[in-house]
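Peer 1: Structure: entry_3.cif, mmCIF, C-alpha atoms (C1' of nucleotides).
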```
data_coords
loop_
_atom_site.label_atom_id
_atom_site.label_comp_id
_atom_site.auth_asym_id
_atom_site.auth_seq_id
_atom_site.Cartn_x
_atom_site.Cartn_y
_atom_site.Cartn_z
CA MET A 24 -28.98 54.35 -67.25
CA GLU A 25 -31.73 52.93 -65.08
CA GLN A 26 -32.00 54.47 -61.66
CA ASN A 27 -33.98 53.03 -58.77
CA VAL A 28 -35.33 54.98 -55.84
CA ILE A 29 -32.69 53.85 -53.37
CA ASP A 30 -29.82 54.69 -55.68
CA ALA A 31 -31.46 58.04 -56.30
CA SER A 32 -31.57 58.71 -52.55
CA GLY A 33 -27.78 58.76 -52.75
CA LEU A 34 -25.98 59.25 -49.53
CA LEU A 35 -28.91 58.16 -47.38
CA ALA A 36 -28.41 54.61 -48.41
CA VAL A 37 -24.64 54.23 -48.16
CA SER A 38 -24.89 51.62 -45.45
CA THR A 39 -27.37 49.53 -47.46
CA ARG A 40 -25.20 49.82 -50.56
CA LEU A 41 -22.04 48.79 -48.70
CA GLN A 42 -23.84 45.79 -47.26
CA ARG A 43 -25.13 44.66 -50.64
CA LEU A 44 -21.73 44.96 -52.30
CA SER A 45 -20.05 43.11 -49.45
CA ASP A 46 -22.50 40.20 -49.76
CA GLN A 47 -22.03 39.98 -53.49
CA ILE A 48 -18.25 39.85 -53.23
CA ARG A 49 -18.37 37.31 -50.40
CA LYS A 50 -20.62 34.96 -52.37
CA ASP A 51 -18.39 35.15 -55.42
CA GLY A 52 -15.40 34.52 -53.13
CA LEU A 53 -16.92 31.24 -51.99
CA LEU A 54 -17.44 30.19 -55.63
CA ILE A 55 -13.81 30.92 -56.46
CA TYR A 56 -12.54 28.68 -53.65
CA LYS A 57 -14.88 25.98 -54.94
CA ALA A 58 -13.50 26.42 -58.46
CA PHE A 59 -10.07 25.63 -57.03
CA GLY A 60 -11.47 22.62 -55.22
CA ILE A 61 -10.60 24.13 -51.85
CA ASP A 62 -12.87 23.47 -48.90
CA PHE A 63 -12.85 26.94 -47.42
CA GLN A 64 -15.35 29.50 -46.25
CA PRO A 65 -14.63 33.20 -46.79
CA LYS A 66 -15.73 34.00 -43.24
CA TRP A 67 -12.73 31.99 -41.99
CA PHE A 68 -10.34 34.26 -43.81
CA PRO A 69 -9.71 36.96 -41.19
CA VAL A 70 -8.93 34.50 -38.38
CA LEU A 71 -6.86 32.07 -40.43
CA TYR A 72 -4.96 34.74 -42.31
CA THR A 73 -4.08 36.53 -39.08
CA LEU A 74 -2.85 33.30 -37.45
CA TYR A 75 -0.88 32.55 -40.63
CA LYS A 76 0.90 35.89 -40.33
CA LYS A 77 1.23 36.09 -36.56
CA SER A 78 1.44 32.39 -35.57
CA THR A 79 0.09 32.54 -31.97
CA MET A 80 -2.50 34.81 -30.43
CA ASN A 81 -5.03 34.86 -27.62
CA VAL A 82 -8.75 35.37 -28.29
CA VAL A 83 -9.05 39.06 -27.46
CA SER A 84 -5.95 40.22 -29.38
CA LEU A 85 -7.12 38.18 -32.34
CA SER A 86 -10.57 39.79 -32.16
CA ASP A 87 -9.05 43.27 -31.96
CA GLU A 88 -6.77 42.50 -34.86
CA ILE A 89 -9.60 41.42 -37.16
CA GLY A 90 -12.04 43.98 -35.80
CA TYR A 91 -14.64 41.51 -34.53
CA ALA A 92 -16.41 41.29 -31.18
CA HIS A 93 -14.83 38.47 -29.22
CA PRO A 94 -17.89 36.18 -29.19
CA SER A 95 -17.81 36.18 -33.01
CA THR A 96 -14.19 35.11 -32.92
CA ILE A 97 -14.94 32.40 -30.37
CA SER A 98 -17.62 30.85 -32.55
CA LEU A 99 -15.33 30.93 -35.59
CA LEU A 100 -12.59 29.30 -33.51
CA LYS A 101 -15.02 26.59 -32.42
CA GLU A 102 -15.73 25.79 -36.06
CA LEU A 103 -12.06 25.88 -37.04
CA GLU A 104 -11.17 23.61 -34.14
CA LYS A 105 -13.77 21.10 -35.31
CA GLU A 106 -12.18 21.28 -38.79
CA LYS A 107 -8.81 20.66 -37.08
CA LEU A 108 -7.38 23.77 -38.73
CA ILE A 109 -6.44 25.40 -35.42
CA ARG A 110 -5.65 24.26 -31.88
CA SER A 111 -5.37 26.09 -28.59
CA LYS A 112 -3.51 25.85 -25.31
CA LYS A 113 -3.47 27.71 -22.00
CA ASP A 114 -1.00 30.56 -21.51
CA LYS A 115 1.25 29.42 -18.65
CA VAL A 116 1.98 32.95 -17.49
CA ASP A 117 -1.56 34.33 -17.61
CA THR A 118 -3.88 31.36 -17.17
CA ARG A 119 -6.93 33.35 -18.27
CA LYS A 120 -5.57 33.44 -21.77
CA ARG A 121 -6.17 30.86 -24.44
CA LEU A 122 -3.44 30.80 -27.06
CA VAL A 123 -4.57 29.85 -30.54
CA GLU A 124 -2.45 28.65 -33.46
CA LEU A 125 -2.77 26.89 -36.81
CA THR A 126 -2.37 23.11 -36.90
CA GLU A 127 -0.20 21.46 -39.57
CA LYS A 128 -3.42 20.88 -41.53
CA GLY A 129 -4.25 24.56 -41.17
CA THR A 130 -0.84 25.71 -42.33
CA ALA A 131 -1.00 23.32 -45.27
CA LEU A 132 -4.43 24.62 -46.28
CA LEU A 133 -3.26 28.21 -46.11
CA SER A 134 -0.30 27.38 -48.35
CA THR A 135 -2.54 25.84 -51.00
CA MET A 136 -4.60 29.00 -50.83
CA GLU A 137 -1.91 31.42 -51.82
CA PRO A 138 -2.56 30.99 -55.57
CA VAL A 139 -6.27 31.58 -54.92
CA TRP A 140 -5.50 34.82 -53.15
CA ASP A 141 -3.48 35.81 -56.15
CA VAL A 142 -6.56 35.33 -58.36
CA ILE A 143 -8.78 37.15 -55.90
CA ILE A 144 -6.33 40.03 -55.69
CA LYS A 145 -6.19 40.33 -59.48
CA ALA A 146 -9.97 40.18 -59.92
CA THR A 147 -10.51 42.66 -57.12
CA ALA A 148 -7.92 45.01 -58.52
CA GLU A 149 -9.74 44.92 -61.85
CA ILE A 150 -12.97 45.89 -60.14
CA THR A 151 -11.68 48.47 -57.69
CA ASN A 152 -9.17 50.27 -59.85
CA THR A 153 -11.72 52.57 -61.36
CA GLN A 154 -11.60 56.33 -61.29
CA ASN A 155 -12.40 56.38 -57.58
CA ASN A 156 -10.51 53.50 -56.01
CA LEU A 157 -12.81 51.62 -53.62
CA MET A 158 -10.11 50.40 -51.24
CA LYS A 159 -8.56 53.83 -51.00
CA ALA A 160 -12.00 55.36 -50.50
CA ILE A 161 -12.70 52.90 -47.65
CA ASN A 162 -9.35 53.71 -46.06
CA GLU A 163 -10.01 57.42 -46.33
CA VAL A 164 -13.52 57.10 -44.89
CA GLU A 165 -12.34 54.93 -42.00
CA ALA A 166 -9.62 57.45 -41.28
CA SER A 167 -12.17 60.31 -41.17
CA LEU A 168 -14.46 58.28 -38.91
CA LYS A 169 -11.60 57.49 -36.56
CA GLU A 170 -10.82 61.18 -36.31
CA LYS A 171 -14.45 62.22 -35.76
CA SER A 172 -17.41 59.84 -35.72
CA PHE A 173 -20.39 60.08 -38.02
CA LEU A 174 -22.60 60.98 -35.08
CA GLN A 175 -20.27 63.75 -33.90
CA ARG A 176 -20.25 65.21 -37.39
CA ALA A 177 -24.03 65.07 -37.61
CA GLU A 178 -24.33 66.72 -34.19
CA VAL A 179 -22.63 69.83 -35.52
CA TYR A 180 -25.47 70.26 -38.02
CA ILE A 181 -28.17 69.35 -35.49
CA LYS A 182 -27.03 72.08 -33.14
CA LYS A 183 -27.21 74.72 -35.86
CA MET B 13 0.17 54.74 -38.73
CA GLU B 14 -0.81 51.46 -37.09
CA GLN B 15 -1.55 48.64 -39.49
CA ASN B 16 -3.30 45.41 -38.59
CA VAL B 17 -2.93 42.14 -40.45
CA ILE B 18 -6.31 42.30 -42.14
CA ASP B 19 -5.78 45.83 -43.41
CA ALA B 20 -2.38 44.73 -44.64
CA SER B 21 -3.99 41.88 -46.58
CA GLY B 22 -5.62 44.62 -48.62
CA LEU B 23 -7.86 43.44 -51.37
CA LEU B 24 -8.41 40.02 -49.82
CA ALA B 25 -10.56 41.49 -47.16
CA VAL B 26 -12.69 43.93 -49.13
CA SER B 27 -15.91 42.17 -48.22
CA THR B 28 -15.05 42.20 -44.51
CA ARG B 29 -14.10 45.88 -44.69
CA LEU B 30 -17.29 46.85 -46.50
CA GLN B 31 -19.34 44.98 -43.91
CA ARG B 32 -17.62 46.68 -41.01
CA LEU B 33 -18.02 50.15 -42.47
CA SER B 34 -21.67 49.51 -43.26
CA ASP B 35 -22.37 48.43 -39.68
CA GLN B 36 -20.62 51.44 -38.24
CA ILE B 37 -22.58 53.88 -40.39
CA ARG B 38 -25.87 52.10 -39.65
CA LYS B 39 -25.32 52.28 -35.90
CA ASP B 40 -24.49 55.96 -36.03
CA GLY B 41 -27.58 56.48 -38.20
CA LEU B 42 -29.76 55.05 -35.43
CA LEU B 43 -28.17 57.41 -32.90
CA ILE B 44 -28.89 60.41 -35.12
CA TYR B 45 -32.60 59.56 -35.35
CA LYS B 46 -32.60 59.19 -31.59
CA ALA B 47 -30.94 62.60 -31.22
CA PHE B 48 -33.89 64.05 -33.17
CA GLY B 49 -36.31 62.15 -30.96
CA ILE B 50 -37.60 60.16 -33.92
CA ASP B 51 -38.67 56.56 -33.37
CA PHE B 52 -37.17 55.09 -36.50
CA GLN B 53 -34.94 52.19 -37.42
CA PRO B 54 -32.45 52.62 -40.26
CA LYS B 55 -33.41 49.22 -41.69
CA TRP B 56 -36.87 50.65 -42.42
CA PHE B 57 -35.39 53.30 -44.64
CA PRO B 58 -35.35 51.54 -48.02
CA VAL B 59 -38.98 50.38 -47.81
CA LEU B 60 -40.43 53.59 -46.39
CA TYR B 61 -38.40 55.89 -48.61
CA THR B 62 -39.46 53.96 -51.71
CA LEU B 63 -43.12 54.08 -50.72
CA TYR B 64 -42.74 57.79 -49.97
CA LYS B 65 -41.47 58.38 -53.50
CA LYS B 66 -43.64 55.88 -55.39
CA SER B 67 -46.82 55.82 -53.22
CA THR B 68 -48.14 52.29 -54.03
CA MET B 69 -46.28 49.10 -54.88
CA ASN B 70 -46.67 45.35 -54.63
CA VAL B 71 -44.24 43.19 -52.67
CA VAL B 72 -42.07 41.91 -55.51
CA SER B 73 -41.61 45.27 -57.27
CA LEU B 74 -40.77 46.86 -53.96
CA SER B 75 -38.19 44.14 -53.26
CA ASP B 76 -36.63 44.59 -56.71
CA GLU B 77 -36.54 48.33 -56.24
CA ILE B 78 -34.66 48.18 -52.95
CA GLY B 79 -32.58 45.18 -53.99
CA TYR B 80 -33.79 42.82 -51.27
CA ALA B 81 -35.02 39.24 -51.50
CA HIS B 82 -38.80 39.30 -51.14
CA PRO B 83 -38.94 37.46 -47.78
CA SER B 84 -36.79 40.22 -46.29
CA THR B 85 -39.24 42.80 -47.56
CA ILE B 86 -42.20 40.81 -46.21
CA SER B 87 -40.75 40.72 -42.72
CA LEU B 88 -40.04 44.46 -42.80
CA LEU B 89 -43.60 45.07 -44.00
CA LYS B 90 -44.93 42.98 -41.13
CA GLU B 91 -43.07 45.18 -38.67
CA LEU B 92 -44.15 48.39 -40.38
CA GLU B 93 -47.75 47.23 -40.42
CA LYS B 94 -47.57 46.60 -36.68
CA GLU B 95 -46.23 50.15 -36.28
CA LYS B 96 -49.17 51.32 -38.40
CA LEU B 97 -46.77 53.09 -40.78
CA ILE B 98 -48.00 51.18 -43.82
CA ARG B 99 -51.14 49.34 -44.88
CA SER B 100 -51.92 46.95 -47.71
CA LYS B 101 -54.82 45.94 -49.92
CA LYS B 102 -55.44 43.37 -52.65
CA ASP B 103 -54.91 44.32 -56.28
CA LYS B 104 -58.36 44.00 -57.88
CA VAL B 105 -56.98 43.21 -61.32
CA ASP B 106 -54.36 40.65 -60.29
CA THR B 107 -55.55 39.15 -57.03
CA ARG B 108 -52.16 37.55 -56.31
CA LYS B 109 -50.75 40.97 -55.71
CA ARG B 110 -50.69 42.81 -52.42
CA LEU B 111 -50.49 46.56 -52.82
CA VAL B 112 -48.64 48.39 -50.09
CA GLU B 113 -48.76 52.09 -49.20
CA LEU B 114 -47.90 54.50 -46.40
CA THR B 115 -50.58 55.34 -43.85
CA GLU B 116 -51.17 58.93 -42.79
CA LYS B 117 -48.98 58.20 -39.77
CA GLY B 118 -46.31 56.88 -42.11
CA THR B 119 -46.44 59.92 -44.38
CA ALA B 120 -46.31 62.22 -41.36
CA LEU B 121 -43.27 60.40 -39.97
CA LEU B 122 -41.48 60.62 -43.28
CA SER B 123 -42.11 64.36 -43.43
CA THR B 124 -40.62 64.90 -39.98
CA MET B 125 -37.62 62.95 -41.18
CA GLU B 126 -36.67 65.19 -44.05
CA PRO B 127 -34.53 67.48 -41.84
CA VAL B 128 -32.79 64.39 -40.45
CA TRP B 129 -31.95 63.24 -43.94
CA ASP B 130 -30.50 66.65 -44.54
CA VAL B 131 -28.15 66.18 -41.58
CA ILE B 132 -27.28 62.66 -42.64
CA ILE B 133 -26.56 63.82 -46.16
CA LYS B 134 -24.28 66.59 -44.92
CA ALA B 135 -22.39 64.33 -42.49
CA THR B 136 -22.04 61.64 -45.12
CA ALA B 137 -20.82 64.13 -47.69
CA GLU B 138 -18.15 65.26 -45.24
CA ILE B 139 -16.97 61.70 -44.81
CA THR B 140 -17.17 60.49 -48.39
CA ASN B 141 -15.86 63.53 -50.21
CA THR B 142 -12.27 62.54 -49.78
CA GLN B 143 -9.77 62.08 -52.57
CA ASN B 144 -11.48 58.87 -53.66
CA ASN B 145 -15.22 59.43 -53.35
CA LEU B 146 -16.82 56.40 -51.69
CA MET B 147 -20.23 56.71 -53.34
CA LYS B 148 -18.71 57.14 -56.77
CA ALA B 149 -16.38 54.21 -56.10
CA ILE B 150 -19.37 52.03 -55.14
CA ASN B 151 -21.23 53.08 -58.26
CA GLU B 152 -18.23 52.32 -60.42
CA VAL B 153 -17.66 48.93 -58.80
CA GLU B 154 -21.33 47.97 -59.10
CA ALA B 155 -21.23 48.98 -62.76
CA SER B 156 -18.17 46.77 -63.39
CA LEU B 157 -19.79 43.86 -61.58
CA LYS B 158 -22.96 44.23 -63.59
CA GLU B 159 -20.93 44.10 -66.77
CA LYS B 160 -18.86 41.07 -65.68
CA SER B 161 -19.17 39.33 -62.32
CA PHE B 162 -16.33 38.91 -59.86
CA LEU B 163 -16.35 35.16 -60.45
CA GLN B 164 -16.17 35.56 -64.23
CA ARG B 165 -13.21 37.88 -63.85
CA ALA B 166 -11.47 35.44 -61.51
CA GLU B 167 -12.11 32.57 -63.94
CA VAL B 168 -10.01 34.31 -66.56
CA TYR B 169 -7.01 34.09 -64.23
CA ILE B 170 -7.81 30.55 -63.10
CA LYS B 171 -7.74 29.26 -66.66
CA LYS B 172 -4.31 30.75 -67.31
"C1'" DC C 6 -59.65 25.08 -73.02
"C1'" DA C 7 -56.92 22.19 -70.09
"C1'" DA C 8 -52.14 21.29 -68.88
"C1'" DA C 9 -47.87 23.25 -68.20
"C1'" DT C 10 -45.38 27.07 -66.84
"C1'" DA C 11 -44.58 31.48 -64.68
"C1'" DT C 12 -45.36 34.81 -61.17
"C1'" DA C 13 -46.70 36.63 -56.41
"C1'" DT C 14 -46.74 35.89 -51.82
"C1'" DG C 15 -45.83 33.54 -47.68
"C1'" DT C 16 -43.43 30.40 -44.06
"C1'" DA C 17 -39.53 28.09 -41.98
"C1'" DG C 18 -35.14 27.76 -41.04
"C1'" DT C 19 -30.11 29.42 -41.72
"C1'" DC C 20 -26.21 32.49 -41.22
"C1'" DA C 21 -22.69 35.55 -39.57
"C1'" DA C 22 -22.32 39.14 -37.22
"C1'" DC C 23 -23.86 41.46 -32.81
"C1'" DT C 24 -25.01 42.84 -27.44
"C1'" DA C 25 -25.76 41.60 -22.72
"C1'" DC C 26 -24.60 39.01 -19.16
"C1'" DA C 27 -21.72 35.53 -16.31
"C1'" DT C 28 -17.49 33.73 -14.46
"C1'" DA C 29 -12.59 33.21 -13.62
"C1'" DT C 30 -8.20 35.09 -13.10
"C1'" DA C 31 -4.91 39.24 -12.81
"C1'" DT C 32 -3.73 43.67 -11.39
"C1'" DT C 33 -4.02 47.76 -8.74
"C1'" DC C 34 -4.37 50.39 -4.77
"C1'" DC C 35 -5.65 51.53 -0.15
"C1'" DG D 20 -2.47 41.54 1.45
"C1'" DG D 21 -7.39 41.91 0.83
"C1'" DA D 22 -10.96 44.63 -1.71
"C1'" DA D 23 -11.96 46.79 -5.77
"C1'" DT D 24 -11.24 46.98 -10.44
"C1'" DA D 25 -9.82 45.37 -14.93
"C1'" DT D 26 -9.17 41.81 -18.24
"C1'" DA D 27 -10.01 37.22 -20.70
"C1'" DT D 28 -13.09 34.00 -22.00
"C1'" DG D 29 -17.46 31.97 -22.51
"C1'" DT D 30 -22.77 31.41 -23.10
"C1'" DA D 31 -27.35 32.86 -24.52
"C1'" DG D 32 -30.13 35.21 -27.17
"C1'" DT D 33 -30.91 38.91 -30.98
"C1'" DT D 34 -30.66 40.86 -35.56
"C1'" DG D 35 -31.26 41.62 -40.37
"C1'" DA D 36 -30.25 39.74 -44.13
"C1'" DC D 37 -30.55 35.20 -46.79
"C1'" DT D 38 -32.19 30.41 -49.33
"C1'" DA D 39 -35.37 26.68 -49.92
"C1'" DC D 40 -39.68 25.31 -50.11
"C1'" DA D 41 -45.01 25.72 -50.37
"C1'" DT D 42 -49.22 27.52 -52.21
"C1'" DA D 43 -52.35 30.34 -54.92
"C1'" DT D 44 -53.36 32.75 -58.98
"C1'" DA D 45 -52.24 34.20 -63.94
"C1'" DT D 46 -50.53 33.36 -68.36
"C1'" DT D 47 -49.05 30.66 -72.16
"C1'" DT D 48 -49.27 26.98 -75.23
"C1'" DG D 49 -50.39 22.44 -77.52
#
```
Please express the file's structure as structure tokens.
Peer 2:
Amino acid sequence: MEQNVIDASGLLAVSTRLQRLSDQIRKDGLLIYKAFGIDFQPKWFPVLYTLYKKSTMNVVSLSDEIGYAHPSTISLLKELEKEKLIRSKKDKVDTRKRLVELTEKGTALLSTMEPVWDVIIKATAEITNTQNNLMKAINEVEASLKEKSFLQRAEVYIKK
Amino acid sequence: MEQNVIDASGLLAVSTRLQRLSDQIRKDGLLIYKAFGIDFQPKWFPVLYTLYKKSTMNVVSLSDEIGYAHPSTISLLKELEKEKLIRSKKDKVDTRKRLVELTEKGTALLSTMEPVWDVIIKATAEITNTQNNLMKAINEVEASLKEKSFLQRAEVYIKK
DNA sequence: CAAATATATGTAGTCAACTACATATATTCC
DNA sequence: GGAATATATGTAGTTGACTACATATATTTG
């Protein structure tokens, strides 16, 4: 078993390792959509999937839902609007709000994607259902961090 | 237990989830160095730590070691050179090669960082030693992907 | 041993997220 | 009900990784 210096440094490099794995999975995701002949970018997934499930949302709620800063959401929405996959209208009650929803084209695309998700889910399950389940581990870690941040935990040791 | 749409989509969003967690840990990492009064950016870690452990390396080997594309390494090296934490010289045998090493300042900085790593390791252990160990899960997933890529696994289902 | 190929480094530009700041509209509270 | 505050959206610029391409030097091969 070959071992490089970063792997050997173990916990110190968690962030780097997470990043690398995320990139790898994202790139393969793009290739899978291509294999199905679907013109779709993985980065669109969070926004489109959320609108598919929740139909209409304003920019900030959508950002909160997917866990992005709102400017990131805005630039995705700009792209998706150009692709005519979403449209938006003013909220008549609160005119600050912009309400976003899928177009017919968007809904149609999402429907054709359901079989792809099925494949992605199966392939991901294969990969993550090892002794330590990655998705469960992420959930557990996020739960711990929500309870007490990384910095707060470190501070306990600093003060000793 | 609140549940947002993306979390509910489970496996579909692994890449997004990994990304988010990585960012969160990286940001907290920066704060910890600050708390110790150390002028250090987490992104420098892979390069500096590798040079600390292996003393002298050329650009490509270093990139392979830390798992980065070489232009990424070059731009980090440029920064580190400006900070006078590393220096480089030509390989006399193979003049294409640029040999990189820590300066005295670099070595000194890395020494002062050892106690910080200790804190980071402890805090990370606290977070990742849940029922499903995150580091072990990452190792297991990377091992599966090395054996057979995500795309190859998906293709099996596509062809059915 | 010269031509073809491979390797090492470097530059330029892209990408997908971010933060900081600006503006418009709602809400709250003296 | 006007001033202060909070919220919603938007723009500009940054960041930390990437790919594609360019060039110089080594190595291999006909």
Peer 1: Find the residues of chain A that sit at most 10 Å from chain C; for each, write down the nearest two atoms and how far apart they are in Å, to one decimal. Count all atoms listed in the file. Sort by chain, then by number going up, and give it as JSON lines.
Peer 2:
```
{"residue": "A:Lys66", "atom": "CA", "partner": "C:DA21", "partner_atom": "C1'", "distance": 8.0}
{"residue": "A:Tyr91", "atom": "CA", "partner": "C:DA22", "partner_atom": "C1'", "distance": 8.5}
{"residue": "A:Ala92", "atom": "CA", "partner": "C:DC23", "partner_atom": "C1'", "distance": 7.6}
{"residue": "A:Pro94", "atom": "CA", "partner": "C:DC23", "partner_atom": "C1'", "distance": 8.8}
{"residue": "A:Ser95", "atom": "CA", "partner": "C:DA22", "partner_atom": "C1'", "distance": 6.8}
{"residue": "A:Ser98", "atom": "CA", "partner": "C:DA21", "partner_atom": "C1'", "distance": 9.9}
{"residue": "A:Leu99", "atom": "CA", "partner": "C:DA21", "partner_atom": "C1'", "distance": 9.6}
{"residue": "A:Asp117", "atom": "CA", "partner": "C:DA31", "partner_atom": "C1'", "distance": 7.6}
{"residue": "A:Thr118", "atom": "CA", "partner": "C:DT30", "partner_atom": "C1'", "distance": 7.0}
{"residue": "A:Arg119", "atom": "CA", "partner": "C:DT30", "partner_atom": "C1'", "distance": 5.6}
{"residue": "A:Lys120", "atom": "CA", "partner": "C:DT30", "partner_atom": "C1'", "distance": 9.2}
```
Peer 1: Quick one: apply the PyMOL selection byres ((chain B) within 7 of (chain A)) to the file and drop the selected residues here as a PyMOL selection string.
Peer 2: chain B and resi 16-18+23-24+27+30-31+34+37-38+40+43-44+58+62+77-78+129+131-133+135-136+139-140+142+144-146+148-150+152-153+156+162-163+165-166+169-170
Peer 1: So how many Å separate atom CA of B:Val71 and atom C1' of D:DT47, to one decimal?
Peer 2: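 According to the coordinates, atom CA of B:Val71 and atom C1' of D:DT47 are separated by 23.7 Å.
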Peer 1: Rank nothing, just name the residue among D:DT30, D:DT44, D:DT24, D:DT38 nearest to chain A, using only C-alpha atoms (C1' of nucleotides).
Peer 2: D:DT30
Peer 1: Using Å and a single decimal, report how far atom C1' of D:DG35 sits from atom CA of B:Ser100.
Peer 2: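 Taking atom CA of B:Ser100 and atom C1' of D:DG35, their separation equals 22.6 Å.
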Peer 1: Rounded to one decimal, what separation in Å do you get between atom CA of A:Met80 and atom CA of A:Tyr56?
Peer 2: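 Calculated distance between atom CA of A:Met80 and atom CA of A:Tyr56 is 26.0 Å.
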Peer 1: Could you list, as an MDAnalysis selection string, the residues of chain D having an atom within 12 Å of chain B when counting all atoms listed in the file?
Peer 2: chainID D and resid 34:39 42:46
Peer 1: Nearest residue to B:Ile98 out of B:Ile50, B:Leu114, B:Leu121, B:Val72, using all atoms listed in the file?
Peer 2: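 Ranked by minimum distance to B:Ile98, first place goes to B:Leu114.
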Peer 1: Report, as JSON, the centre and edge lengths in Å (one decimal) of the axis-aligned box enclosing every listed atom of stretch 160-178 of chain A, padded by 4 Å on each side.
Peer 2:
```
{"center_x": -16.8, "center_y": 59.8, "center_z": -42.2, "size_x": 23.0, "size_y": 21.8, "size_z": 24.6}
```
